[in-house]
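> You'll find protein_19.csv just under this line, and it carries CSV, C-alpha atoms.
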chain,number,residue,atom,x,y,z
G,1,MET,CA,0.0,0.0,0.0
G,2,ALA,CA,1.3,3.4,-0.9
G,3,ASN,CA,2.5,5.5,2.0
G,4,ASN,CA,0.1,8.5,1.7
G,5,GLN,CA,-0.7,10.5,4.9
G,6,TYR,CA,-4.0,11.5,3.4
G,7,SER,CA,-5.2,7.9,2.8
G,8,VAL,CA,-4.9,6.8,6.4
G,9,VAL,CA,-8.4,6.1,7.8
G,10,THR,CA,-9.1,6.2,11.5
G,11,GLN,CA,-12.3,5.8,13.4
G,12,ASP,CA,-11.1,7.9,16.3
G,13,PHE,CA,-13.2,10.9,17.4
G,14,VAL,CA,-12.1,14.3,18.6
G,15,ASN,CA,-13.9,17.0,20.5
G,16,VAL,CA,-13.1,20.6,19.2
G,17,VAL,CA,-14.4,24.1,19.8
G,18,ILE,CA,-15.8,25.9,16.8
G,19,THR,CA,-15.5,29.7,16.3
G,20,ASN,CA,-16.0,31.8,13.1
G,21,SER,CA,-14.9,35.0,11.6
G,22,SER,CA,-18.0,37.0,12.6
G,23,GLN,CA,-18.1,35.7,16.2
G,24,ARG,CA,-14.7,35.6,17.9
G,25,GLU,CA,-15.9,33.9,21.1
G,26,ALA,CA,-16.6,30.2,21.3
G,27,CYS,CA,-20.0,29.4,19.7
G,28,VAL,CA,-20.2,25.5,19.9
G,29,GLU,CA,-18.3,22.4,20.8
G,30,ARG,CA,-18.6,19.4,18.4
G,31,ARG,CA,-17.3,15.9,18.1
G,32,PHE,CA,-15.9,14.8,14.7
G,33,GLN,CA,-14.5,11.6,13.3
G,34,LYS,CA,-10.8,11.9,12.5
G,35,GLY,CA,-11.4,9.8,9.4
G,36,ILE,CA,-13.5,12.5,7.5
G,37,THR,CA,-12.0,14.6,4.8
G,38,ILE,CA,-11.6,18.3,5.2
G,39,ALA,CA,-14.1,18.8,2.4
G,40,ASP,CA,-16.7,16.8,4.4
G,41,LEU,CA,-15.7,18.8,7.6
G,42,LYS,CA,-16.4,22.0,5.7
G,43,GLY,CA,-19.8,20.8,4.8
G,44,LYS,CA,-20.6,20.1,8.5
G,45,LEU,CA,-19.2,23.5,9.5
G,46,GLU,CA,-21.3,25.2,6.8
G,47,LEU,CA,-24.4,24.1,8.8
G,48,LEU,CA,-22.9,25.3,12.1
G,49,THR,CA,-21.5,28.7,11.1
G,50,GLY,CA,-23.6,29.7,8.2
G,51,GLY,CA,-20.5,30.0,6.1
G,52,ASN,CA,-20.0,28.7,2.6
G,53,ALA,CA,-17.9,25.5,2.2
G,54,SER,CA,-16.5,26.7,-1.2
G,55,THR,CA,-15.1,29.9,0.3
G,56,MET,CA,-14.2,28.6,3.7
G,57,LYS,CA,-10.8,28.6,5.3
G,58,ILE,CA,-10.1,26.7,8.6
G,59,GLU,CA,-7.5,27.6,11.1
G,60,LEU,CA,-6.4,25.1,13.8
G,61,TYR,CA,-5.5,26.5,17.3
G,62,SER,CA,-4.1,24.8,20.3
G,63,LYS,CA,-5.7,24.8,23.7
G,64,GLU,CA,-3.4,27.6,24.5
G,65,ASN,CA,-4.9,29.6,21.6
G,66,ALA,CA,-1.7,29.4,19.5
G,67,LEU,CA,-2.1,29.0,15.7
G,68,VAL,CA,-1.1,25.4,14.8
G,69,GLY,CA,-1.8,25.7,11.0
G,70,LEU,CA,-4.4,25.6,8.3
G,71,LEU,CA,-6.6,22.7,7.3
G,72,ASP,CA,-6.0,23.6,3.7
G,73,ASN,CA,-6.2,20.3,1.8
G,74,ASP,CA,-9.8,19.3,1.0
G,75,ASP,CA,-8.8,15.7,0.2
G,76,ALA,CA,-6.8,15.2,3.4
G,77,LEU,CA,-8.3,13.5,6.5
G,78,LEU,CA,-8.9,15.5,9.7
G,79,GLY,CA,-6.8,13.0,11.5
G,80,SER,CA,-3.8,13.7,9.3
G,81,TYR,CA,-3.5,17.1,11.0
G,82,PRO,CA,-2.2,17.4,14.6
G,83,VAL,CA,-5.8,17.9,15.9
G,84,ASP,CA,-6.4,16.9,19.5
G,85,GLU,CA,-9.0,17.1,22.3
G,86,GLY,CA,-10.1,20.7,23.2
G,87,MET,CA,-8.3,22.4,20.3
G,88,ARG,CA,-10.2,25.1,18.3
G,89,LEU,CA,-11.2,25.2,14.7
G,90,HIS,CA,-11.7,28.8,13.6
G,91,VAL,CA,-13.7,29.2,10.4
G,92,ILE,CA,-13.0,32.2,8.2
G,93,ASP,CA,-15.5,32.7,5.3
G,94,LYS,CA,-14.3,35.1,2.7
G,95,PHE,CA,-17.9,35.7,1.5
G,96,VAL,CA,-19.0,36.7,5.0
G,97,LEU,CA,-16.0,39.0,5.5
G,98,LYS,CA,-16.8,40.6,2.1
G,99,ASN,CA,-20.4,41.4,3.2
G,100,GLU,CA,-19.1,42.8,6.5
G,101,PHE,CA,-16.7,45.2,4.6
G,102,GLU,CA,-19.6,46.2,2.4
G,103,ASP,CA,-22.0,46.9,5.4
G,104,LEU,CA,-22.3,50.7,5.3
G,105,SER,CA,-23.9,50.7,8.8
G,106,LYS,CA,-20.4,50.1,10.2
G,107,VAL,CA,-18.9,53.1,8.4
G,108,GLU,CA,-18.6,56.3,10.3
G,109,LYS,CA,-20.9,58.9,8.8
G,110,PHE,CA,-19.9,62.4,7.8
G,111,GLU,CA,-22.5,64.8,9.1
G,112,LEU,CA,-23.1,68.5,8.8
G,113,SER,CA,-25.2,70.7,11.0
G,114,LEU,CA,-28.2,72.3,9.4
G,115,GLU,CA,-26.5,75.7,9.7
G,116,GLU,CA,-23.3,74.5,8.0
G,117,TYR,CA,-25.3,72.8,5.3
G,118,SER,CA,-27.3,76.0,4.5
G,119,LYS,CA,-24.0,77.9,4.0
G,120,ARG,CA,-22.7,75.6,1.3
G,121,THR,CA,-23.2,76.6,-2.3
G,122,ASP,CA,-22.7,73.2,-3.9
G,123,THR,CA,-25.7,71.4,-2.4
G,124,LEU,CA,-29.1,70.4,-4.0
G,125,LYS,CA,-30.8,72.8,-1.6
G,126,SER,CA,-28.7,75.8,-2.8
G,127,PHE,CA,-29.4,74.8,-6.5
G,128,LEU,CA,-33.2,74.6,-5.8
G,129,GLU,CA,-33.1,78.0,-4.1
G,130,ARG,CA,-31.1,79.7,-6.9
G,131,ASN,CA,-33.5,78.3,-9.5
G,132,LYS,CA,-36.6,78.8,-7.5
G,133,VAL,CA,-37.7,75.1,-7.9
G,134,GLY,CA,-40.4,73.4,-5.9
G,135,LYS,CA,-41.0,74.7,-2.4
G,136,TYR,CA,-38.4,77.4,-3.0
G,137,ASN,CA,-40.6,79.0,-5.6
G,138,GLU,CA,-42.8,81.2,-3.4
G,139,GLU,CA,-45.3,82.1,-6.2
G,140,GLU,CA,-45.8,78.5,-7.1
G,141,LYS,CA,-46.1,77.5,-3.5
G,142,LYS,CA,-48.7,80.2,-2.9
G,143,ARG,CA,-50.6,79.1,-6.0
G,144,LYS,CA,-50.8,75.5,-4.9
G,145,GLU,CA,-51.8,76.5,-1.4
G,146,GLU,CA,-54.6,78.6,-2.9
G,147,GLU,CA,-55.8,75.8,-5.1
G,148,LYS,CA,-55.8,73.4,-2.1
G,149,ARG,CA,-57.8,75.9,0.0
G,150,LYS,CA,-60.4,76.4,-2.8
G,151,GLU,CA,-60.7,72.6,-3.2
G,152,GLU,CA,-61.3,72.1,0.5
G,153,GLU,CA,-63.9,74.9,0.5
G,154,ALA,CA,-65.7,73.3,-2.5
G,155,ASP,CA,-65.6,69.9,-0.8
G,156,GLU,CA,-67.2,71.3,2.4
G,157,VAL,CA,-69.9,73.1,0.5
G,158,ALA,CA,-70.7,69.9,-1.5
G,159,ALA,CA,-70.7,67.8,1.6
G,160,LYS,CA,-73.1,70.1,3.5
G,161,ALA,CA,-75.4,70.2,0.5
G,162,ALA,CA,-75.8,66.4,0.6
G,163,LYS,CA,-77.4,64.2,3.2
G,164,VAL,CA,-77.3,60.5,4.1
G,165,GLY,CA,-79.8,58.5,2.0
G,166,ASP,CA,-79.5,60.7,-1.1
G,167,ARG,CA,-79.1,59.0,-4.4
G,168,CYS,CA,-76.1,60.1,-6.4
G,169,GLU,CA,-73.7,59.6,-9.2
G,170,VAL,CA,-70.0,59.3,-8.6
G,171,ARG,CA,-67.9,61.0,-11.3
G,172,VAL,CA,-64.2,60.6,-10.5
G,173,PRO,CA,-62.0,61.8,-13.3
G,174,GLY,CA,-60.6,58.9,-15.3
G,175,GLN,CA,-63.1,56.4,-13.9
G,176,PRO,CA,-66.5,55.2,-15.2
G,177,VAL,CA,-69.7,56.9,-13.8
G,178,ARG,CA,-71.1,54.8,-10.9
G,179,ARG,CA,-74.5,55.2,-9.2
G,180,ALA,CA,-74.8,54.9,-5.4
G,181,THR,CA,-76.6,55.9,-2.2
G,182,ILE,CA,-74.9,58.2,0.3
G,183,GLN,CA,-74.2,56.5,3.6
G,184,PHE,CA,-71.7,58.8,5.3
G,185,ILE,CA,-70.7,62.5,5.2
G,186,GLY,CA,-67.9,64.0,7.3
G,187,LYS,CA,-64.3,63.8,8.3
G,188,VAL,CA,-62.4,60.5,8.4
G,189,GLU,CA,-59.3,59.2,10.2
G,190,PHE,CA,-57.5,57.8,7.1
G,191,LYS,CA,-57.4,61.1,5.1
G,192,GLN,CA,-57.7,64.8,5.6
G,193,GLY,CA,-60.7,66.9,4.7
G,194,TRP,CA,-64.4,66.1,3.9
G,195,TRP,CA,-65.4,62.7,2.5
G,196,ILE,CA,-68.6,61.0,1.4
G,197,GLY,CA,-69.1,57.3,1.9
G,198,VAL,CA,-71.3,55.6,-0.6
G,199,ARG,CA,-72.9,52.2,-1.2
G,200,TYR,CA,-72.6,51.4,-4.9
G,201,ASP,CA,-75.5,49.8,-6.8
G,202,GLU,CA,-73.0,47.2,-8.0
G,203,PRO,CA,-69.9,45.6,-6.4
G,204,LEU,CA,-67.6,48.3,-7.8
G,205,GLY,CA,-66.2,49.5,-4.5
G,206,LYS,CA,-63.2,48.7,-2.3
G,207,ASN,CA,-64.7,48.0,1.2
G,208,ASP,CA,-67.8,47.3,3.3
G,209,GLY,CA,-67.8,50.7,4.9
G,210,THR,CA,-64.8,49.9,7.1
G,211,VAL,CA,-61.3,51.4,6.6
G,212,ASN,CA,-58.3,50.6,8.8
G,213,GLY,CA,-60.5,48.8,11.3
G,214,LYS,CA,-63.0,51.6,11.8
G,215,ARG,CA,-66.5,51.3,10.5
G,216,TYR,CA,-68.2,54.4,9.1
G,217,PHE,CA,-71.3,52.7,7.6
G,218,GLU,CA,-72.5,49.2,6.7
G,219,CYS,CA,-72.8,47.5,3.3
G,220,GLN,CA,-71.8,44.4,1.6
G,221,PRO,CA,-68.1,43.8,0.8
G,222,LYS,CA,-67.0,45.5,-2.4
G,223,TYR,CA,-70.0,47.8,-2.4
G,224,GLY,CA,-68.5,50.6,-0.3
G,225,GLY,CA,-66.3,53.5,-1.2
G,226,PHE,CA,-65.2,56.9,-0.1
G,227,VAL,CA,-65.0,59.8,-2.5
G,228,LYS,CA,-64.3,63.6,-2.4
G,229,PRO,CA,-67.6,65.5,-2.2
G,230,ILE,CA,-66.8,67.5,-5.4
G,231,HIS,CA,-67.0,64.2,-7.3
G,232,VAL,CA,-70.5,63.3,-6.0
G,233,THR,CA,-73.6,64.6,-7.9
G,234,VAL,CA,-76.8,64.3,-5.9
G,235,GLY,CA,-80.0,63.7,-7.9
G,236,ASP,CA,-83.0,61.4,-8.8
G,237,PHE,CA,-80.9,58.5,-10.1
G,238,PRO,CA,-82.8,55.2,-10.2
G,239,GLU,CA,-81.0,52.2,-8.9
G,240,GLU,CA,-79.3,50.3,-11.7
G,241,THR,CA,-80.4,46.7,-11.9
G,242,LEU,CA,-79.6,43.9,-14.2
G,243,ASP,CA,-82.7,42.4,-15.9
G,244,LEU,CA,-81.9,38.7,-16.1
G,245,ASP,CA,-85.0,38.2,-18.4
G,246,GLU,CA,-83.8,40.7,-20.9
G,247,GLU,CA,-83.0,39.0,-24.2
G,248,ILE,CA,-79.4,39.5,-25.5
Would it be possible to restate this file's structure as structure tokens?

Amino acid sequence: MANNQYSVVTQDFVNVVITNSSQREACVERRFQKGITIADLKGKLELLTGGNASTMKIELYSKENALVGLLDNDDALLGSYPVDEGMRLHVIDKFVLKNEFEDLSKVEKFELSLEEYSKRTDTLKSFLERNKVGKYNEEEKKRKEEEKRKEEEADEVAAKAAKVGDRCEVRVPGQPVRRATIQFIGKVEFKQGWWIGVRYDEPLGKNDGTVNGKRYFECQPKYGGFVKPIHVTVGDFPEETLDLDEEI
């Protein structure tokens, strides 16, 4: 038989401590057969440490915590290395280390105070201010605020002109006209301003009168909806029904 140190098979077992590159302190103690290959050992350590066997490196340390060497031959047997009871196998996973280096949460952040940031001329804020864009355009800002105020006033007027039980048509821009009965008028918790809750004649709604766990009115599922008052037209609108006897 050829004298090959890696072909020696032994059924002896050895107890070792396992640590890994992301947790320096001892994590587990395990018992391994000395007759397993380093490749098989890496497979077992993969389950213990969460590392990847294909990128794993194993260091062997004495009980005095001195580095003995690397278990660097996948075809070699564990027993072919000077491993003994109570020694430590330290698993280094290049993939895990790469992710740690790329973790930006560990990088010290560069921060500026609001005052220092405002003084700089090379920031997005300074660009928007110079070019009067968005909220830095006072005229545009006032125009949008005025539009919002008028819309809120129109909603309030429309809401107060309606009453629960009124028949109506819902005319939301971009959507088909739907007929309904008003079931609720007032303020809601899920949005600002005035809203009208309706029960549609057909299952074209989104709820049963309940939103975020709060009930505003009752109806069948998919028959309820909430719309802005300016999109509701009150009138004598007969309920739409489907005549099943109608010939097609």
> Could you tell me how far CA of Tyr216 (chain G) lies from CA of Lys150 (chain G), in Å and to one decimal?
26.2 Å
> Choose the residue, out of G:Asp75, G:Glu85, G:Glu153, G:Asp40, that has the smallest atom-to-atom separation from Leu60 (chain G); count all atoms listed in the file.
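Looking only at the distances to Leu60 (chain G), the closest residue turns out to be G:Glu85.
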> Mind listing as a CSV table (one decimal) with C-alpha atoms, keeping the file's coordinate frame all residues within 10 Å of (-71.8, 65.5, 6.1), counting only C-alpha atoms?

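Listing of part-v4.csv after writing:
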chain,number,residue,atom,x,y,z
G,156,GLU,CA,-67.2,71.3,2.4
G,157,VAL,CA,-69.9,73.1,0.5
G,158,ALA,CA,-70.7,69.9,-1.5
G,159,ALA,CA,-70.7,67.8,1.6
G,160,LYS,CA,-73.1,70.1,3.5
G,161,ALA,CA,-75.4,70.2,0.5
G,162,ALA,CA,-75.8,66.4,0.6
G,163,LYS,CA,-77.4,64.2,3.2
G,164,VAL,CA,-77.3,60.5,4.1
G,182,ILE,CA,-74.9,58.2,0.3
G,183,GLN,CA,-74.2,56.5,3.6
G,184,PHE,CA,-71.7,58.8,5.3
G,185,ILE,CA,-70.7,62.5,5.2
G,186,GLY,CA,-67.9,64.0,7.3
G,187,LYS,CA,-64.3,63.8,8.3
G,194,TRP,CA,-64.4,66.1,3.9
G,195,TRP,CA,-65.4,62.7,2.5
G,196,ILE,CA,-68.6,61.0,1.4
G,197,GLY,CA,-69.1,57.3,1.9
G,229,PRO,CA,-67.6,65.5,-2.2
> For a test of reading the model, state the distance in Å between CA of Arg143 (chain G) and CA of Val172 (chain G), rounded to one decimal.
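One can read the CA of Arg143 (chain G) to CA of Val172 (chain G) distance as 23.4 Å.
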> What gap, in Å, lies between CA of Glu169 (chain G) and CA of Ala154 (chain G)?
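Computing the Euclidean distance for CA of Glu169 (chain G) and CA of Ala154 (chain G) yields 17.2 Å.
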> Rank G:Asn207, G:Asn15, G:Ser80, G:Ser126 by their smallest atom-to-atom distance to Phe32 (chain G), using all atoms listed in the file, and report the top residue only.
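For Phe32 (chain G), the nearest of the given residues is G:Asn15.
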> Counting all atoms listed in the file, which of G:Glu152, G:Asp208, G:Asp84, G:Glu189 gets nearest to Pro221 (chain G)?
G:Asp208
> Find the residues near region 86-89 of chain G: any atom within 9 Å, counting all atoms listed in the file, skip ones fewer than 4 places away on the same chain, and give them as an NGL selection string.
:G and (14-20 or 26 or 29 or 58-65)
> Could you check the closest approach to Pro82 (chain G) for each of G:His231, G:Lys34, G:Lys144, G:Lys206 and tell me which residue wins, using all atoms listed in the file?
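So, comparing all the options, the nearest one is G:Lys34.
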> Considering all atoms listed in the file, state which residue in the set G:Ala180, G:Val28, G:Val211, G:Leu71 is at the smallest distance from Tyr223 (chain G).
G:Ala180
> Let me make sure I understand: among G:Ile92, G:Val170, G:Ala76, G:Leu45, which one has the smallest atom-to-atom distance to Gly225 (chain G) if we use all atoms listed in the file?
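Residue with the minimum atom-to-atom distance to Gly225 (chain G): G:Val170.
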> Since fewer atoms than expected are present, regenerate N, CA, C and O atoms for region 158-169 of chain G and write them as an mmCIF file, in the coordinates of the input.

data_model
loop_
_atom_site.group_PDB
_atom_site.id
_atom_site.type_symbol
_atom_site.label_atom_id
_atom_site.label_comp_id
_atom_site.auth_asym_id
_atom_site.auth_seq_id
_atom_site.Cartn_x
_atom_site.Cartn_y
_atom_site.Cartn_z
ATOM 1 N N ALA G 158 -70.033 71.083 -0.929
ATOM 2 C CA ALA G 158 -70.700 69.900 -1.500
ATOM 3 C C ALA G 158 -71.150 68.932 -0.485
ATOM 4 O O ALA G 158 -72.232 68.340 -0.591
ATOM 5 N N ALA G 159 -70.324 68.746 0.531
ATOM 6 C CA ALA G 159 -70.700 67.800 1.600
ATOM 7 C C ALA G 159 -71.889 68.250 2.364
ATOM 8 O O ALA G 159 -72.781 67.442 2.669
ATOM 9 N N LYS G 160 -71.960 69.536 2.680
ATOM 10 C CA LYS G 160 -73.100 70.100 3.500
ATOM 11 C C LYS G 160 -74.357 70.143 2.664
ATOM 12 O O LYS G 160 -75.453 70.234 3.237
ATOM 13 N N ALA G 161 -74.232 70.109 1.328
ATOM 14 C CA ALA G 161 -75.400 70.200 0.500
ATOM 15 C C ALA G 161 -76.060 68.784 0.317
ATOM 16 O O ALA G 161 -77.196 68.684 -0.153
ATOM 17 N N ALA G 162 -75.324 67.745 0.688
ATOM 18 C CA ALA G 162 -75.800 66.400 0.600
ATOM 19 C C ALA G 162 -76.295 65.879 1.925
ATOM 20 O O ALA G 162 -76.010 66.484 2.959
ATOM 21 N N LYS G 163 -77.039 64.770 1.915
ATOM 22 C CA LYS G 163 -77.400 64.200 3.200
ATOM 23 C C LYS G 163 -77.462 62.641 3.007
ATOM 24 O O LYS G 163 -77.586 62.113 1.893
ATOM 25 N N VAL G 164 -77.324 61.960 4.129
ATOM 26 C CA VAL G 164 -77.300 60.500 4.100
ATOM 27 C C VAL G 164 -78.656 59.995 3.553
ATOM 28 O O VAL G 164 -79.725 60.485 3.937
ATOM 29 N N GLY G 165 -78.593 59.052 2.653
ATOM 30 C CA GLY G 165 -79.800 58.500 2.000
ATOM 31 C C GLY G 165 -80.012 59.036 0.610
ATOM 32 O O GLY G 165 -80.806 58.471 -0.154
ATOM 33 N N ASP G 166 -79.354 60.145 0.245
ATOM 34 C CA ASP G 166 -79.500 60.700 -1.100
ATOM 35 C C ASP G 166 -78.951 59.740 -2.141
ATOM 36 O O ASP G 166 -77.948 59.057 -1.934
ATOM 37 N N ARG G 167 -79.653 59.706 -3.277
ATOM 38 C CA ARG G 167 -79.100 59.000 -4.400
ATOM 39 C C ARG G 167 -78.119 59.891 -5.137
ATOM 40 O O ARG G 167 -78.201 61.127 -5.085
ATOM 41 N N CYS G 168 -77.128 59.298 -5.777
ATOM 42 C CA CYS G 168 -76.100 60.100 -6.400
ATOM 43 C C CYS G 168 -75.394 59.366 -7.522
ATOM 44 O O CYS G 168 -75.550 58.147 -7.687
ATOM 45 N N GLU G 169 -74.609 60.124 -8.273
ATOM 46 C CA GLU G 169 -73.700 59.600 -9.200
ATOM 47 C C GLU G 169 -72.275 59.980 -8.843
ATOM 48 O O GLU G 169 -72.042 61.138 -8.500
#
